[in-house]
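The structure under discussion appears below in the form of structure tokens.
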Amino acid sequence: MSAVGIVAAAGSGSRLGADRPKALVGLAGRPLVAWAVDTLLAGGVDEVVVVTPAAERDAFAAVLPGSVQLVDGGATRTASVRAGLLAAGAAADAVLVHDAARPLTPPEVVARVLAALAAGAPAVVPVLPVVDTTVAVDAAGTVTDAVPRGPLRRVQTPQGFDRTVLVAAYAALDDAAELTDDAAVVRADGVPVTTVAGDERAAKVTVPHDLRIAELLAAPR
Ligand code: CTP
Ligand code: MG
């Protein structure tokens with residue numbers, strides 16, 4: 001089974017508030033996007049496409065291996081992955097879609113996703129349990145319900161797909177649709193999504209606190 005990785009890196013990182021696109025922000029001296037590309041390759045992906053903000057392609061090329069293909073992203077993550085999928089071509093059996101914003105994802109997570117695909121799953125997501133008590137509130141912030149957390153999971157990336165299944169699901173999706181991940185795209189097309197174990201280190205860097213935690217984890221011991 002051959003696999004292509006698509007790294008969604010075209011976001012601005014408004015919640016992080018850095019002076020450059022989030023994927024170019026440094027972690028232990030290397031941009032987040034370089035960590036994400038390394039993870040995919042180390043985990044067994046054969047080639048990688050990185051989706052960048054259109055105006056920043058040169059800056060990305062300067063920090064990534066020459067073998068990485070760069071393509072212009074869109075206004076939403078959904079549009080960016082759609083562009084990456086188009087550029088990825090038809091050679092690979094499987095596609096793994098990963099967030100540049102999850103720099104410390106261990107390669108073992110990639111390997112678990114690839115193994116589930118090789119075993120025949122059409123769609124695979126890494127997940128973790130919900131550990132906090134989880135509630136619903138009304139408009140005033142008053143708790144209306146406790147949500148049983150047993151069946152709940154937090155979904156991470158990389159998410160893996162049979163390539164033809166993902167291509168068909170994006171083709172069926174409205175051009176203007178905006179979904180937060182790719183498993184939602186295939187589920188909208190009726191495809192069952194399998195889960196494998198995620199990893200706390202695959203946490204997403206969203207706000208400055210997350211980057212501070214990542215720096216602690218990445219520091220040499
Ligand atoms: N992403 C993308 N194209 C977009 C928006 C997001 O490729 N138009 C990517 C981001 O680069 C990131 C991943 O999707 O790696 C997850 O998105 P998020 O964490 O929300 O990143 P940003 O959209 O950049 O951050 P923010 O929402 O705070 O602006
Ligand atoms: Mg965003």
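Residue numbers start at 1 in each chain; chains themselves are named A, B, ... in the order of the structure tokens; ligands are numbered from 1 in the order shown.
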
Which residues of chain A sit at most 8 Å from ligand 1, using only C-alpha atoms and all ligand atoms? Give each one's shortest atom pair and distance in Å (one decimal place), in chain and ascending residue order, as a tab-separated table.
residue	atom	partner	partner_atom_place_in_ligand_line	distance
A:Val7	CA	ligand 1	15 (O)	7.2
A:Ala8	CA	ligand 1	7 (O)	3.7
A:Ala9	CA	ligand 1	11 (O)	3.3
A:Ala10	CA	ligand 1	7 (O)	3.6
A:Gly11	CA	ligand 1	24 (O)	3.1
A:Ser12	CA	ligand 1	24 (O)	4.1
A:Gly13	CA	ligand 1	25 (O)	3.4
A:Ser14	CA	ligand 1	29 (O)	3.6
A:Arg15	CA	ligand 1	28 (O)	3.6
A:Leu16	CA	ligand 1	28 (O)	5.9
A:Gly17	CA	ligand 1	28 (O)	7.8
A:Pro21	CA	ligand 1	24 (O)	6.8
A:Lys22	CA	ligand 1	24 (O)	5.7
A:Ala23	CA	ligand 1	11 (O)	5.9
A:Val33	CA	ligand 1	15 (O)	8.0
A:Val51	CA	ligand 1	7 (O)	6.0
A:Thr52	CA	ligand 1	7 (O)	6.7
A:Pro53	CA	ligand 1	3 (N)	7.4
A:Gly73	CA	ligand 1	3 (N)	5.8
A:Gly74	CA	ligand 1	8 (N)	5.1
A:Ala75	CA	ligand 1	8 (N)	4.2
A:Thr76	CA	ligand 1	8 (N)	3.4
A:Arg77	CA	ligand 1	4 (C)	3.8
A:Thr78	CA	ligand 1	3 (N)	7.1
A:Ala79	CA	ligand 1	8 (N)	6.7
A:Ser80	CA	ligand 1	3 (N)	4.8
A:Val81	CA	ligand 1	7 (O)	6.6
A:His98	CA	ligand 1	15 (O)	7.6
A:Asp99	CA	ligand 1	15 (O)	4.0
A:Ala100	CA	ligand 1	15 (O)	3.9
A:Ala101	CA	ligand 1	15 (O)	4.2
A:Arg102	CA	ligand 1	15 (O)	7.2
A:Lys204	CA	ligand 1	19 (O)	6.5
A:Val205	CA	ligand 1	19 (O)	6.6
A:Thr206	CA	ligand 1	19 (O)	5.3
A:Val207	CA	ligand 1	28 (O)	7.3

Would you export the selected residues with C-alpha atoms as a PDB file, in the first residue's frame, please?
ATOM      1  CA  VAL A   7      -0.251  18.649   5.523  1.00  0.00           C
ATOM      2  CA  ALA A   8      -2.833  21.399   6.021  1.00  0.00           C
ATOM      3  CA  ALA A   9      -0.626  24.417   6.707  1.00  0.00           C
ATOM      4  CA  ALA A  10      -2.462  27.285   5.003  1.00  0.00           C
ATOM      5  CA  GLY A  11      -4.046  28.807   8.097  1.00  0.00           C
ATOM      6  CA  SER A  12      -3.039  32.175   9.527  1.00  0.00           C
ATOM      7  CA  GLY A  13      -2.962  31.161  13.172  1.00  0.00           C
ATOM      8  CA  SER A  14      -5.127  34.042  14.389  1.00  0.00           C
ATOM      9  CA  ARG A  15      -5.582  32.544  17.862  1.00  0.00           C
ATOM     10  CA  LEU A  16      -1.831  32.031  18.286  1.00  0.00           C
ATOM     11  CA  GLY A  17      -1.257  35.661  17.282  1.00  0.00           C
ATOM     12  CA  PRO A  21       1.524  32.013   9.593  1.00  0.00           C
ATOM     13  CA  LYS A  22       1.269  29.463  12.409  1.00  0.00           C
ATOM     14  CA  ALA A  23       2.916  26.658  10.400  1.00  0.00           C
ATOM     15  CA  VAL A  33       5.337  22.464   9.433  1.00  0.00           C
ATOM     16  CA  VAL A  51      -0.772  23.208   1.513  1.00  0.00           C
ATOM     17  CA  THR A  52       0.493  26.742   2.196  1.00  0.00           C
ATOM     18  CA  PRO A  53      -0.907  30.278   2.261  1.00  0.00           C
ATOM     19  CA  GLY A  73      -4.412  26.673   0.086  1.00  0.00           C
ATOM     20  CA  GLY A  74      -7.882  28.191   0.331  1.00  0.00           C
ATOM     21  CA  ALA A  75      -9.897  30.335   2.709  1.00  0.00           C
ATOM     22  CA  THR A  76     -10.973  27.389   4.880  1.00  0.00           C
ATOM     23  CA  ARG A  77      -9.296  24.170   5.988  1.00  0.00           C
ATOM     24  CA  THR A  78     -11.797  22.258   3.862  1.00  0.00           C
ATOM     25  CA  ALA A  79     -10.789  24.270   0.760  1.00  0.00           C
ATOM     26  CA  SER A  80      -7.103  23.785   1.566  1.00  0.00           C
ATOM     27  CA  VAL A  81      -7.386  19.997   1.876  1.00  0.00           C
ATOM     28  CA  HIS A  98      -2.414  15.974   8.943  1.00  0.00           C
ATOM     29  CA  ASP A  99      -2.475  19.389  10.647  1.00  0.00           C
ATOM     30  CA  ALA A 100       0.794  21.337  10.590  1.00  0.00           C
ATOM     31  CA  ALA A 101      -0.436  22.555  13.981  1.00  0.00           C
ATOM     32  CA  ARG A 102       0.211  19.103  15.571  1.00  0.00           C
ATOM     33  CA  LYS A 204      -2.979  20.878  18.455  1.00  0.00           C
ATOM     34  CA  VAL A 205      -1.106  24.152  18.907  1.00  0.00           C
ATOM     35  CA  THR A 206      -3.950  26.667  18.896  1.00  0.00           C
ATOM     36  CA  VAL A 207      -3.268  29.326  21.564  1.00  0.00           C
TER      37      VAL A 207
END

Practice problem: Extract the full set of alpha helix (DSSP H) residues from stretch 122-184 of chain A according to DSSP on the backbone, and format it as a VMD selection string. | Solution: chain A and resid 163 to 172 182 to 184

Quiz item: In Å to one decimal, how far is atom CA of A:Tyr170 from atom CA of A:Leu41?
Solution: 24.5 Å

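Residues within 9 Å of A:Asp181, counting only C-alpha atoms and excluding same-chain residues fewer than 2 positions away, are Arg77, Thr78, Val155, Thr157, Gln159, Glu178, Leu179, Ala183, Ala184 and Val185 of chain A.
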
Generate the output file for the selected residues, C-alpha atoms, as a CSV table (one decimal), in the first residue's frame.
chain,number,residue,atom,x,y,z
A,77,ARG,CA,-9.3,24.2,6.0
A,78,THR,CA,-11.8,22.3,3.9
A,155,VAL,CA,-10.3,13.5,17.4
A,157,THR,CA,-4.8,13.9,13.0
A,159,GLN,CA,-6.6,11.0,9.6
A,178,GLU,CA,-16.8,24.1,5.8
A,179,LEU,CA,-16.1,21.1,8.0
A,183,ALA,CA,-13.6,12.4,8.7
A,184,ALA,CA,-16.7,14.6,8.7
A,185,VAL,CA,-16.3,14.9,4.9

Practice problem: For A:Leu70, work out the shell of residues within 12 Å, counting only C-alpha atoms and skipping chain neighbours fewer than 5 positions away, then give it as a count of residues only. | Solution: 34

Exercise. Would you list, as a PyMOL selection string, the residues of stretch 105-154 of chain A that end up in strand (DSSP E) under DSSP run on this structure's backbone?
Key: chain A and resi 123-129+134-137+143-147+153-154

If you keep C-alpha atoms, can you produce a file of those selected residues as a compact mmCIF listing (two decimals), in the first residue's frame?
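Okay, again_3.txt is ready:
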# COMPACT_ATOMS: atom_id res chain seq x y z
CA ALA A 123 -11.38 5.85 6.96
CA VAL A 124 -9.40 6.01 10.22
CA VAL A 125 -9.01 8.68 12.91
CA PRO A 126 -6.76 8.73 16.00
CA VAL A 127 -8.77 9.50 19.15
CA LEU A 128 -8.37 10.02 22.89
CA PRO A 129 -10.95 9.72 25.68
CA THR A 134 -18.57 17.37 30.32
CA VAL A 135 -21.76 19.42 30.47
CA ALA A 136 -24.17 21.32 28.25
CA VAL A 137 -25.15 24.91 29.16
CA VAL A 143 -25.70 23.92 33.24
CA THR A 144 -28.63 22.13 31.65
CA ASP A 145 -27.24 18.62 31.35
CA ALA A 146 -24.30 16.41 32.14
CA VAL A 147 -23.07 14.68 29.00
CA ARG A 153 -13.67 10.91 22.00
CA ARG A 154 -11.34 13.80 21.06
